[in-house]
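Q: Attaching a single structure in structure tokens format; questions to follow.
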Amino acid sequence: MDAALVTRAANVAADHNSDSLLILRGGRLAHEQYWNGKTASDLQQTYSGTKSMFSLLVGRAIRRGHVASFDQPVRDFVPEMPEAQAQLTFHNVLAMMPGTLNVTAEVESAGQRGITQLQTALTREVVAPPFTRYSYNNSAYRLLFTALERASGKSLEDLTAEEIFVPLKFAAGTHWVLNYATGTGKGEVFLGYQSIKMVPTDFAKSAQIILDHGKWQGEEFVNADYADNLIRVQAPEVNPSFALFHHLNGDAFCQMDGRNIPHKLLPGAPDDTFLMYGTRGQVISGIPSRGLVVVRTGDHEESIYHKDNFIARMLSLIADATSG
């Protein structure tokens, strides 16, 4: 890799309050840097970056037979879902196109009143057929937590440990962050799961498995077709910049909750770049054409939908560092 371009990419990360930047090429660590007192052994909260790892957990559940198929209705496992939500499947939920309206702020604030994630999800209104409307949808995502628990007979924590943490040899202490409400007059109320707290080198593993078509260290981890589908656009006429719990970069516009944004998600980065993005820039990204996996963690408020966002500039430099 071109060391000067890698240094420029690291400077972009440093200038935007990053805690870590990792670059893997061909499955090997090519660059690793930490800031703000963080080290390689620090567990870091990944927020929605967890969705990349969670997408593999769904694949493992299908592989184990806990879930019969990708298109199985979620209501098979959560029968208290209203009839109007019967159209939700694992497939359309991962595509963020289940047809339900979601307001994330409302979802999060409900917890302050002691309303669980499941209770909130059950109230979501169905406003469109599946795959006709994109809406970044945490309520539907969290329905899958309950569905996998009931399908497997295990808690989400135990299932994730058994299917992800142990076989992928995650660092000791890796865990789901649990959300609780207090001061509601109901005592301490368990609301649900937030995200996985993990070290950056483990955060990189979901993208590496996708690059390797479902394999981990030469052995099948999830079905190859399933892994490939995670970064394949599902409804290009609706949103060409989202696949299954991963953002894509392969079209001239991107979309945010019904509003077309007239530029690529990551200007300057290769067309096949994919990523999952967590609050304030927790990023797991892969660039298959360059054999690259990139992790960035930290705390910066710039939107990924901004045309000149620093994530795009950083990934573009890293990709350029391999072009020679």
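Chain lettering (A, B, ...) mirrors the order of the structure tokens, residue numbering begins at 1 for each chain separately, and ligand numbering begins at 1 in order of display.
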Residues near stretch 258-268 of chain A, anyone? I mean within 6 Å using only C-alpha atoms, not counting same-chain ones fewer than 2 positions away, as an mmCIF file with N, CA and C atoms, in the first residue's frame.

A:
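Written file, result-v3.cif:
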```
data_model
loop_
_atom_site.group_PDB
_atom_site.id
_atom_site.type_symbol
_atom_site.label_atom_id
_atom_site.label_comp_id
_atom_site.auth_asym_id
_atom_site.auth_seq_id
_atom_site.Cartn_x
_atom_site.Cartn_y
_atom_site.Cartn_z
ATOM 1 N N ASN A 249 -22.500 1.820 -2.413
ATOM 2 C CA ASN A 249 -21.981 3.027 -3.062
ATOM 3 C C ASN A 249 -22.112 2.961 -4.583
ATOM 4 N N ASP A 251 -24.381 3.687 -7.070
ATOM 5 C CA ASP A 251 -25.264 4.399 -7.980
ATOM 6 C C ASP A 251 -25.057 5.894 -7.847
ATOM 7 N N ALA A 252 -25.672 6.630 -8.748
ATOM 8 C CA ALA A 252 -25.439 8.076 -8.809
ATOM 9 C C ALA A 252 -26.220 8.846 -7.758
ATOM 10 N N PHE A 253 -27.081 8.175 -7.015
ATOM 11 C CA PHE A 253 -27.774 8.854 -5.923
ATOM 12 C C PHE A 253 -27.952 7.888 -4.762
ATOM 13 N N CYS A 254 -28.177 8.445 -3.592
ATOM 14 C CA CYS A 254 -28.491 7.648 -2.413
ATOM 15 C C CYS A 254 -29.812 8.160 -1.850
ATOM 16 N N GLN A 255 -30.315 7.477 -0.846
ATOM 17 C CA GLN A 255 -31.617 7.858 -0.333
ATOM 18 C C GLN A 255 -31.628 7.835 1.172
ATOM 19 N N MET A 256 -32.338 8.769 1.750
ATOM 20 C CA MET A 256 -32.517 8.809 3.193
ATOM 21 C C MET A 256 -33.987 9.027 3.479
ATOM 22 N N ALA A 312 -16.180 9.157 3.456
ATOM 23 C CA ALA A 312 -15.948 8.984 2.021
ATOM 24 C C ALA A 312 -14.519 9.365 1.653
ATOM 25 N N SER A 316 -11.792 6.730 0.212
ATOM 26 C CA SER A 316 -11.238 7.003 -1.113
ATOM 27 C C SER A 316 -9.714 6.974 -1.085
#
```

Q: Excluding same-chain residues fewer than 2 positions from A:Ser41, what lies within 12 Å of it counting only C-alpha atoms, as a PDB file with N, CA and C atoms, in the first residue's frame?

A:
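That gives us result02.pdb:
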```pdb
ATOM      1  N   SER A  20     -10.079   4.937  16.544  1.00  0.00           N
ATOM      2  CA  SER A  20      -9.287   3.883  15.913  1.00  0.00           C
ATOM      3  C   SER A  20      -9.447   3.944  14.403  1.00  0.00           C
ATOM      4  N   TYR A  34      -4.548   4.166  16.946  1.00  0.00           N
ATOM      5  CA  TYR A  34      -5.516   4.540  17.970  1.00  0.00           C
ATOM      6  C   TYR A  34      -5.232   5.947  18.456  1.00  0.00           C
ATOM      7  N   GLY A  37      -6.444   7.987  23.756  1.00  0.00           N
ATOM      8  CA  GLY A  37      -6.162   7.063  24.845  1.00  0.00           C
ATOM      9  C   GLY A  37      -6.680   5.654  24.631  1.00  0.00           C
ATOM     10  N   LYS A  38      -7.282   5.376  23.495  1.00  0.00           N
ATOM     11  CA  LYS A  38      -7.793   4.035  23.221  1.00  0.00           C
ATOM     12  C   LYS A  38      -6.644   3.113  22.818  1.00  0.00           C
ATOM     13  N   THR A  39      -6.842   1.816  23.067  1.00  0.00           N
ATOM     14  CA  THR A  39      -5.860   0.807  22.678  1.00  0.00           C
ATOM     15  C   THR A  39      -6.585  -0.341  21.980  1.00  0.00           C
ATOM     16  N   LEU A  43     -12.767  -2.303  24.499  1.00  0.00           N
ATOM     17  CA  LEU A  43     -14.072  -2.582  23.902  1.00  0.00           C
ATOM     18  C   LEU A  43     -14.737  -1.262  23.537  1.00  0.00           C
ATOM     19  N   GLN A  44     -15.285  -1.181  22.332  1.00  0.00           N
ATOM     20  CA  GLN A  44     -15.893   0.057  21.873  1.00  0.00           C
ATOM     21  C   GLN A  44     -17.328  -0.217  21.410  1.00  0.00           C
ATOM     22  N   PHE A 170     -13.798 -13.891  19.520  1.00  0.00           N
ATOM     23  CA  PHE A 170     -13.853 -12.500  19.960  1.00  0.00           C
ATOM     24  C   PHE A 170     -13.130 -12.358  21.298  1.00  0.00           C
ATOM     25  N   ALA A 171     -12.691 -11.134  21.550  1.00  0.00           N
ATOM     26  CA  ALA A 171     -11.971 -10.834  22.790  1.00  0.00           C
ATOM     27  C   ALA A 171     -12.854 -11.078  24.008  1.00  0.00           C
ATOM     28  N   ALA A 172     -12.213 -11.478  25.091  1.00  0.00           N
ATOM     29  CA  ALA A 172     -12.927 -11.665  26.350  1.00  0.00           C
ATOM     30  C   ALA A 172     -13.626 -10.376  26.751  1.00  0.00           C
ATOM     31  N   GLY A 173     -14.827 -10.497  27.245  1.00  0.00           N
ATOM     32  CA  GLY A 173     -15.577  -9.333  27.702  1.00  0.00           C
ATOM     33  C   GLY A 173     -16.504  -8.743  26.667  1.00  0.00           C
ATOM     34  N   THR A 174     -16.405  -9.168  25.409  1.00  0.00           N
ATOM     35  CA  THR A 174     -17.315  -8.678  24.374  1.00  0.00           C
ATOM     36  C   THR A 174     -18.753  -8.948  24.807  1.00  0.00           C
ATOM     37  N   LYS A 197     -20.583  -4.303  22.138  1.00  0.00           N
ATOM     38  CA  LYS A 197     -19.352  -3.610  22.500  1.00  0.00           C
ATOM     39  C   LYS A 197     -18.200  -4.582  22.248  1.00  0.00           C
ATOM     40  N   MET A 198     -17.294  -4.211  21.318  1.00  0.00           N
ATOM     41  CA  MET A 198     -16.238  -5.122  20.909  1.00  0.00           C
ATOM     42  C   MET A 198     -14.976  -4.355  20.541  1.00  0.00           C
ATOM     43  N   VAL A 199     -13.879  -5.074  20.436  1.00  0.00           N
ATOM     44  CA  VAL A 199     -12.630  -4.423  20.033  1.00  0.00           C
ATOM     45  C   VAL A 199     -12.644  -4.235  18.518  1.00  0.00           C
ATOM     46  N   PRO A 200     -11.937  -3.236  18.007  1.00  0.00           N
ATOM     47  CA  PRO A 200     -11.968  -2.960  16.567  1.00  0.00           C
ATOM     48  C   PRO A 200     -11.549  -4.131  15.688  1.00  0.00           C
ATOM     49  N   THR A 201     -10.576  -4.940  16.122  1.00  0.00           N
ATOM     50  CA  THR A 201     -10.167  -6.078  15.286  1.00  0.00           C
ATOM     51  C   THR A 201     -11.289  -7.097  15.137  1.00  0.00           C
ATOM     52  N   ASP A 202     -12.162  -7.209  16.134  1.00  0.00           N
ATOM     53  CA  ASP A 202     -13.324  -8.097  16.006  1.00  0.00           C
ATOM     54  C   ASP A 202     -14.414  -7.447  15.154  1.00  0.00           C
TER      55      ASP A 202
END
```

Q: I'd like the interatomic distance between atom CA of A:Leu29 and atom CA of A:Glu157, to a tenth of an Å.

A: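 So the answer is 28.3 Å.
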
Q: Write out as a PyMOL selection string the set of residues from stretch 222-308 of chain A that DSSP, computed on the backbone, places in strand (DSSP E).

A: chain A and resi 247-248+254-256+259-261+274-278+282-287+292-298

Q: Measuring between only C-alpha atoms, which one of A:Pro288, A:Pro270, A:Gly192, A:Gly298 shows the shortest distance to A:Leu178?

A: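 The answer is A:Gly192, which sits nearest to A:Leu178.
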
Q: Go through stretch 81-168 of chain A residue by residue and, counting only C-alpha atoms, keep those with an atom at most 8 Å from stretch 222-242 of chain A; for each kept residue give the shortest atom pair and its distance in Å to one decimal, ordered by chain and increasing number, as JSON lines.

A:
```
{"residue": "A:Ala95", "atom": "CA", "partner": "A:Gln234", "partner_atom": "CA", "distance": 6.9}
{"residue": "A:Phe131", "atom": "CA", "partner": "A:Ala235", "partner_atom": "CA", "distance": 6.4}
{"residue": "A:Thr132", "atom": "CA", "partner": "A:Val238", "partner_atom": "CA", "distance": 6.2}
{"residue": "A:Arg133", "atom": "CA", "partner": "A:Val238", "partner_atom": "CA", "distance": 6.3}
{"residue": "A:Tyr134", "atom": "CA", "partner": "A:Asn239", "partner_atom": "CA", "distance": 6.7}
```

Q: Residues at most 9 Å from A:Ala13, counting only C-alpha atoms, excluding those fewer than 6 positions away in the same chain, as a list in words?

A: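 Everything that qualifies: Asp19, Ser20, Leu21, Arg296, Gly298, Phe310, Ile311 and Met314 of chain A.
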
Q: Calculated over only C-alpha atoms, which of the candidates A:Lys154, A:His306, A:Arg124, A:Lys215 has the smallest distance to A:Met81?

A: A:Arg124
